[in-house]
Amino acid sequence: MNPPYETGTRAVTVRPALSGDLDAVLAIRNHAIEHGTALWTDTPQTRDEGAAWLGAHLTRGSAYVAERGGTVVGFGVYGPWKDYSGFRHTVENSVYVAEGHHGHGIGSALLAALVSSARAAGLHVMIAGIEAGNTASVRLHERHGFEHAGTVREVGTKFGRWLDLTLMRLPLD
């Protein structure tokens, strides 16, 4: 899969991630950890932790990157929603765009690739767990057909405040 997506005046290419994308993916991921509320942890990933995390997605074939002009400007992954076997047909997605590249369709291109890949893998439902105040991510998922499944109040904390989690779901089959 290597679909180009026109986003403004420059094309974005979404392709399966490779182990060589680790540093770019880790930089985007750690920026989100340090500056945002999309990832509910205060501790940036080390290179070894990032390699193990990305490696698991590479093995599953569930990691994609978006490139513009040869530079990785975003990534998306999906993985098991829960570890119990009864949830084996349900996955959760994560989409991240590099600082300064938001609003150009990159997240949408990545999410489209994730949904397509999960459908091709025969999965049943894709879940998105979104910090409730992240209206851009909620709207992105709505545009791709995700429906609201509910909001759980004050289940996380970051930067000294309680965070609400909005769950969204998309049937894949």
# chains A, B, ... in the order shown; residues from 1 in each chain; ligands from 1

call {"tool": "residues_around", "arguments": {"residues": "Ile106 (chain A)", "least_positions_apart": "5", "cutoff": "12 Å", "atoms": "only C-alpha atoms", "output": "compact mmCIF listing (two decimals) with all heavy atoms, in the first residue's frame"}}
result
# COMPACT_ATOMS: atom_id res chain seq x y z
N PRO A 4 -0.94 7.90 -2.64
CA PRO A 4 -0.69 9.33 -2.45
C PRO A 4 -1.99 10.04 -2.10
O PRO A 4 -3.05 9.69 -2.61
CB PRO A 4 -0.16 9.78 -3.81
CG PRO A 4 -0.80 8.83 -4.77
CD PRO A 4 -0.97 7.52 -4.03
N TYR A 5 -1.93 11.01 -1.26
CA TYR A 5 -3.08 11.82 -0.91
C TYR A 5 -2.71 13.27 -1.16
O TYR A 5 -1.69 13.74 -0.68
CB TYR A 5 -3.47 11.65 0.57
CG TYR A 5 -4.02 10.28 0.87
CD1 TYR A 5 -3.18 9.23 1.21
CD2 TYR A 5 -5.38 10.04 0.80
CE1 TYR A 5 -3.69 7.97 1.48
CE2 TYR A 5 -5.90 8.79 1.07
CZ TYR A 5 -5.04 7.77 1.40
OH TYR A 5 -5.54 6.52 1.67
N GLU A 6 -3.53 13.96 -1.92
CA GLU A 6 -3.28 15.37 -2.17
C GLU A 6 -3.73 16.16 -0.95
O GLU A 6 -4.88 16.07 -0.53
CB GLU A 6 -4.03 15.84 -3.41
CG GLU A 6 -3.49 15.26 -4.70
CD GLU A 6 -2.04 15.60 -4.96
OE1 GLU A 6 -1.61 16.72 -4.64
OE2 GLU A 6 -1.32 14.74 -5.48
N THR A 7 -2.84 16.91 -0.39
CA THR A 7 -3.17 17.73 0.77
C THR A 7 -2.63 19.12 0.51
O THR A 7 -1.49 19.43 0.82
CB THR A 7 -2.56 17.15 2.05
OG1 THR A 7 -1.15 17.05 1.87
CG2 THR A 7 -3.14 15.79 2.39
N GLY A 8 -3.45 19.95 -0.08
CA GLY A 8 -2.98 21.28 -0.42
C GLY A 8 -2.12 21.19 -1.67
O GLY A 8 -2.45 20.53 -2.64
N ARG A 10 1.02 20.05 -1.82
CA ARG A 10 2.04 19.00 -1.79
C ARG A 10 1.40 17.67 -1.42
O ARG A 10 0.59 17.59 -0.52
CB ARG A 10 3.12 19.37 -0.78
CG ARG A 10 3.86 20.64 -1.18
CD ARG A 10 4.74 21.16 -0.09
NE ARG A 10 5.74 20.17 0.28
CZ ARG A 10 6.43 20.23 1.40
NH1 ARG A 10 6.26 21.21 2.24
NH2 ARG A 10 7.31 19.31 1.68
N ALA A 11 1.81 16.62 -2.10
CA ALA A 11 1.25 15.29 -1.87
C ALA A 11 1.85 14.67 -0.62
O ALA A 11 3.01 14.89 -0.29
CB ALA A 11 1.51 14.40 -3.08
N VAL A 12 1.02 13.89 0.03
CA VAL A 12 1.46 13.08 1.17
C VAL A 12 1.35 11.63 0.73
O VAL A 12 0.36 11.23 0.14
CB VAL A 12 0.57 13.33 2.40
CG1 VAL A 12 0.83 12.30 3.47
CG2 VAL A 12 0.79 14.72 2.94
N THR A 13 2.37 10.87 1.02
CA THR A 13 2.36 9.44 0.72
C THR A 13 2.27 8.68 2.03
O THR A 13 3.05 8.93 2.96
CB THR A 13 3.65 9.03 -0.02
OG1 THR A 13 3.72 9.77 -1.23
CG2 THR A 13 3.64 7.55 -0.34
N VAL A 14 1.31 7.79 2.11
CA VAL A 14 1.17 6.91 3.27
C VAL A 14 1.69 5.54 2.85
O VAL A 14 1.29 5.02 1.81
CB VAL A 14 -0.29 6.82 3.75
CG1 VAL A 14 -0.43 5.80 4.87
CG2 VAL A 14 -0.78 8.19 4.20
N TYR A 64 1.86 2.56 10.00
CA TYR A 64 1.99 3.32 8.76
C TYR A 64 2.61 4.68 9.07
O TYR A 64 2.45 5.20 10.17
CB TYR A 64 0.61 3.52 8.11
CG TYR A 64 0.05 2.22 7.59
CD1 TYR A 64 -0.61 1.34 8.45
CD2 TYR A 64 0.25 1.84 6.28
CE1 TYR A 64 -1.07 0.12 8.00
CE2 TYR A 64 -0.23 0.62 5.82
CZ TYR A 64 -0.87 -0.24 6.68
OH TYR A 64 -1.32 -1.45 6.24
N VAL A 65 3.31 5.22 8.08
CA VAL A 65 3.83 6.57 8.20
C VAL A 65 3.34 7.39 7.02
O VAL A 65 3.03 6.85 5.95
CB VAL A 65 5.38 6.62 8.27
CG1 VAL A 65 5.89 5.96 9.54
CG2 VAL A 65 6.02 6.02 7.03
N ALA A 66 3.27 8.69 7.24
CA ALA A 66 2.96 9.64 6.17
C ALA A 66 4.23 10.42 5.89
O ALA A 66 4.89 10.91 6.82
CB ALA A 66 1.85 10.58 6.61
N GLU A 67 4.56 10.50 4.61
CA GLU A 67 5.75 11.25 4.18
C GLU A 67 5.33 12.40 3.29
O GLU A 67 4.41 12.27 2.48
CB GLU A 67 6.69 10.36 3.37
CG GLU A 67 7.45 9.35 4.16
CD GLU A 67 8.45 8.61 3.27
OE1 GLU A 67 8.19 8.43 2.06
OE2 GLU A 67 9.50 8.20 3.81
N ARG A 68 6.02 13.48 3.45
CA ARG A 68 5.87 14.63 2.54
C ARG A 68 7.28 15.08 2.20
O ARG A 68 8.07 15.38 3.09
CB ARG A 68 5.10 15.75 3.22
CG ARG A 68 4.99 17.00 2.35
CD ARG A 68 4.19 18.07 3.00
NE ARG A 68 2.79 17.86 2.63
CZ ARG A 68 1.78 18.43 3.25
NH1 ARG A 68 1.99 19.21 4.27
NH2 ARG A 68 0.56 18.20 2.84
N VAL A 72 9.16 12.03 7.18
CA VAL A 72 8.02 11.48 7.92
C VAL A 72 7.36 12.61 8.71
O VAL A 72 8.02 13.26 9.53
CB VAL A 72 8.46 10.33 8.85
CG1 VAL A 72 7.31 9.89 9.75
CG2 VAL A 72 8.98 9.15 8.04
N VAL A 73 6.07 12.83 8.42
CA VAL A 73 5.34 13.92 9.06
C VAL A 73 4.16 13.41 9.89
O VAL A 73 3.40 14.21 10.44
CB VAL A 73 4.85 14.97 8.03
CG1 VAL A 73 6.04 15.69 7.40
CG2 VAL A 73 3.97 14.31 6.96
N GLY A 74 4.04 12.10 10.01
CA GLY A 74 2.98 11.53 10.83
C GLY A 74 3.07 10.02 10.83
O GLY A 74 3.78 9.43 10.00
N PHE A 75 2.38 9.42 11.78
CA PHE A 75 2.31 7.96 11.82
C PHE A 75 0.97 7.54 12.40
O PHE A 75 0.30 8.30 13.10
CB PHE A 75 3.47 7.34 12.62
CG PHE A 75 3.35 7.51 14.11
CD1 PHE A 75 2.70 6.56 14.89
CD2 PHE A 75 3.88 8.62 14.74
CE1 PHE A 75 2.59 6.71 16.26
CE2 PHE A 75 3.77 8.79 16.11
CZ PHE A 75 3.12 7.83 16.88
N GLY A 76 0.60 6.33 12.09
CA GLY A 76 -0.62 5.74 12.64
C GLY A 76 -0.40 4.26 12.87
O GLY A 76 0.34 3.61 12.12
N VAL A 95 -3.32 7.91 15.84
CA VAL A 95 -2.83 8.70 14.72
C VAL A 95 -2.17 9.96 15.27
O VAL A 95 -2.76 10.66 16.10
CB VAL A 95 -3.97 9.10 13.76
CG1 VAL A 95 -3.48 10.05 12.68
CG2 VAL A 95 -4.61 7.86 13.15
N TYR A 96 -0.94 10.22 14.83
CA TYR A 96 -0.19 11.39 15.28
C TYR A 96 0.44 12.10 14.10
O TYR A 96 0.99 11.46 13.21
CB TYR A 96 0.89 10.98 16.29
CG TYR A 96 0.28 10.45 17.55
CD1 TYR A 96 0.01 9.10 17.69
CD2 TYR A 96 -0.08 11.30 18.58
CE1 TYR A 96 -0.61 8.61 18.82
CE2 TYR A 96 -0.70 10.82 19.72
CZ TYR A 96 -0.96 9.47 19.83
OH TYR A 96 -1.57 8.99 20.95
N VAL A 97 0.37 13.42 14.11
CA VAL A 97 0.94 14.25 13.06
C VAL A 97 1.99 15.15 13.70
O VAL A 97 1.78 15.69 14.79
CB VAL A 97 -0.16 15.08 12.37
CG1 VAL A 97 0.43 16.03 11.34
CG2 VAL A 97 -1.19 14.15 11.72
N ALA A 98 3.11 15.30 13.02
CA ALA A 98 4.21 16.12 13.54
C ALA A 98 3.78 17.56 13.72
O ALA A 98 2.96 18.09 12.95
CB ALA A 98 5.40 16.04 12.59
N GLU A 99 4.33 18.18 14.73
CA GLU A 99 4.08 19.60 15.01
C GLU A 99 4.35 20.42 13.75
O GLU A 99 5.33 20.19 13.04
CB GLU A 99 4.97 20.07 16.16
CG GLU A 99 4.66 21.45 16.65
CD GLU A 99 3.29 21.56 17.31
OE1 GLU A 99 2.75 20.55 17.79
OE2 GLU A 99 2.76 22.69 17.34
N GLY A 100 3.43 21.33 13.46
CA GLY A 100 3.58 22.19 12.29
C GLY A 100 2.99 21.61 11.02
O GLY A 100 3.01 22.26 9.97
N HIS A 101 2.45 20.40 11.08
CA HIS A 101 1.89 19.76 9.89
C HIS A 101 0.41 19.44 10.04
O HIS A 101 -0.16 18.74 9.21
CB HIS A 101 2.67 18.47 9.56
CG HIS A 101 4.07 18.74 9.15
ND1 HIS A 101 4.44 19.03 7.86
CD2 HIS A 101 5.22 18.79 9.89
CE1 HIS A 101 5.74 19.24 7.80
NE2 HIS A 101 6.24 19.10 9.02
N LEU A 111 -5.49 7.69 8.92
CA LEU A 111 -6.64 6.94 9.44
C LEU A 111 -7.28 6.09 8.34
O LEU A 111 -7.66 4.95 8.58
CB LEU A 111 -7.65 7.88 10.08
CG LEU A 111 -8.83 7.22 10.78
CD1 LEU A 111 -8.38 6.20 11.83
CD2 LEU A 111 -9.72 8.28 11.43
N ALA A 112 -7.37 6.63 7.13
CA ALA A 112 -7.92 5.86 6.02
C ALA A 112 -7.09 4.60 5.77
O ALA A 112 -7.64 3.51 5.54
CB ALA A 112 -7.97 6.72 4.76
N ALA A 113 -5.77 4.72 5.84
CA ALA A 113 -4.90 3.56 5.65
C ALA A 113 -5.08 2.54 6.76
O ALA A 113 -5.11 1.33 6.50
CB ALA A 113 -3.44 4.00 5.57
N LEU A 140 -12.20 14.19 13.12
CA LEU A 140 -11.50 13.33 12.17
C LEU A 140 -12.15 11.94 12.15
O LEU A 140 -12.47 11.40 11.08
CB LEU A 140 -10.02 13.21 12.53
CG LEU A 140 -9.23 12.12 11.81
CD1 LEU A 140 -9.11 12.44 10.32
CD2 LEU A 140 -7.86 11.94 12.45

call {"tool": "closest_atom_pairs", "arguments": {"of": "region 76-151 of chain A", "to": "region 40-47 of chain A", "cutoff": "12 Å", "atoms": "only C-alpha atoms", "output": "CSV"}}
result
residue,atom,partner,partner_atom,distance
A:Gly129,CA,A:Trp40,CA,10.9
A:Ile130,CA,A:Trp40,CA,10.4
A:Glu131,CA,A:Trp40,CA,8.9

call {"tool": "closest_residue", "arguments": {"among": "A:Phe159, A:Gly107, A:Asn93, A:Glu154", "to": "Glu34 (chain A)", "atoms": "only C-alpha atoms"}}
result
A:Phe159

call {"tool": "closest_residue", "arguments": {"among": "A:Asn30, A:Thr166, A:Ser19, A:Ser85", "to": "Asn134 (chain A)", "atoms": "only C-alpha atoms"}}
result
A:Thr166

call {"tool": "residues_around", "arguments": {"residues": "His144 (chain A)", "least_positions_apart": "3", "cutoff": "12 Å", "atoms": "only C-alpha atoms", "output": "number ranges by chain"}}
result
A: 107-116, 126, 128, 137-141, 147, 168-172

call {"tool": "select_by_dssp", "arguments": {"residues": "region 60-122 of chain A", "states": "alpha helix (DSSP H)", "output": "list in words"}}
result
Arg60, Ile106, Gly107, Ser108, Ala109, Leu110, Leu111, Ala112, Ala113, Leu114, Val115, Ser116, Ser117, Ala118, Arg119 and Ala120 of chain A

call {"tool": "write_last_selection", "arguments": {"atoms": "C-alpha atoms", "output": "PDB file, in the first residue's frame"}}
result
ATOM      1  CA  ARG A  60       1.425  -7.279  12.933  1.00  0.00           C
ATOM      2  CA  ILE A 106      -2.264  13.963   6.984  1.00  0.00           C
ATOM      3  CA  GLY A 107      -4.235  12.505   9.894  1.00  0.00           C
ATOM      4  CA  SER A 108      -7.104  11.678   7.560  1.00  0.00           C
ATOM      5  CA  ALA A 109      -4.793   9.909   5.108  1.00  0.00           C
ATOM      6  CA  LEU A 110      -3.268   7.873   7.926  1.00  0.00           C
ATOM      7  CA  LEU A 111      -6.637   6.945   9.440  1.00  0.00           C
ATOM      8  CA  ALA A 112      -7.920   5.858   6.019  1.00  0.00           C
ATOM      9  CA  ALA A 113      -4.895   3.563   5.650  1.00  0.00           C
ATOM     10  CA  LEU A 114      -5.430   2.083   9.123  1.00  0.00           C
ATOM     11  CA  VAL A 115      -9.109   1.378   8.492  1.00  0.00           C
ATOM     12  CA  SER A 116      -8.363  -0.174   5.101  1.00  0.00           C
ATOM     13  CA  SER A 117      -5.614  -2.354   6.567  1.00  0.00           C
ATOM     14  CA  ALA A 118      -7.759  -3.513   9.486  1.00  0.00           C
ATOM     15  CA  ARG A 119     -10.598  -4.405   7.125  1.00  0.00           C
ATOM     16  CA  ALA A 120      -8.210  -6.355   4.906  1.00  0.00           C
TER      17      ALA A 120
END

call {"tool": "select_by_dssp", "arguments": {"residues": "region 7-170 of chain A", "states": "strand (DSSP E)", "output": "count of residues only"}}
result
61

call {"tool": "closest_residue", "arguments": {"among": "A:Ala132, A:Ala149, A:Ala52, A:Ala63", "to": "Trp162 (chain A)", "atoms": "only C-alpha atoms"}}
result
A:Ala132

call {"tool": "residues_around", "arguments": {"residues": "Gly50 (chain A)", "least_positions_apart": "5", "cutoff": "10 Å", "atoms": "only C-alpha atoms", "output": "VMD selection string"}}
result
chain A and resid 22 to 23 25 to 27 29 to 30 44 to 45 55 to 56

call {"tool": "write_last_selection", "arguments": {"atoms": "N, CA and C atoms", "output": "compact mmCIF listing (two decimals), in the first residue's frame"}}
result
# COMPACT_ATOMS: atom_id res chain seq x y z
N LEU A 22 11.97 4.50 12.92
CA LEU A 22 11.87 4.60 14.37
C LEU A 22 12.17 6.00 14.89
N ASP A 23 13.27 6.61 14.50
CA ASP A 23 13.64 7.91 15.08
C ASP A 23 12.59 8.98 14.79
N VAL A 25 9.34 8.48 14.09
CA VAL A 25 8.13 8.13 14.83
C VAL A 25 8.30 8.44 16.31
N LEU A 26 9.45 8.10 16.85
CA LEU A 26 9.72 8.36 18.27
C LEU A 26 9.73 9.85 18.57
N ALA A 27 10.26 10.66 17.67
CA ALA A 27 10.27 12.11 17.88
C ALA A 27 8.84 12.66 17.93
N ARG A 29 6.08 10.91 18.61
CA ARG A 29 5.43 10.32 19.78
C ARG A 29 5.87 11.03 21.06
N ASN A 30 7.16 11.25 21.22
CA ASN A 30 7.65 11.90 22.43
C ASN A 30 7.22 13.35 22.52
N PRO A 44 8.57 10.17 28.44
CA PRO A 44 8.91 9.89 27.04
C PRO A 44 9.50 8.49 26.90
N GLN A 45 9.31 7.90 25.74
CA GLN A 45 9.86 6.58 25.47
C GLN A 45 11.34 6.67 25.16
N GLY A 55 8.24 -2.32 16.89
CA GLY A 55 8.48 -3.67 16.40
C GLY A 55 7.24 -4.55 16.48
N ALA A 56 6.48 -4.43 17.56
CA ALA A 56 5.25 -5.21 17.70
C ALA A 56 4.26 -4.85 16.60

call {"tool": "closest_residue", "arguments": {"among": "A:Ala121, A:Ala136, A:Ile127, A:Val152", "to": "Asp173 (chain A)", "atoms": "only C-alpha atoms"}}
result
A:Ala121

call {"tool": "closest_residue", "arguments": {"among": "A:Phe146, A:His124, A:Trp53, A:Thr37", "to": "Gly160 (chain A)", "atoms": "only C-alpha atoms"}}
result
A:Thr37

call {"tool": "atom_distance", "arguments": {"atom1": "CA of Val125 (chain A)", "atom2": "CA of Thr90 (chain A)"}}
result
4.8 Å

call {"tool": "closest_residue", "arguments": {"among": "A:Arg143, A:Thr71, A:Tyr84, A:Glu92", "to": "Gly105 (chain A)", "atoms": "only C-alpha atoms"}}
result
A:Arg143
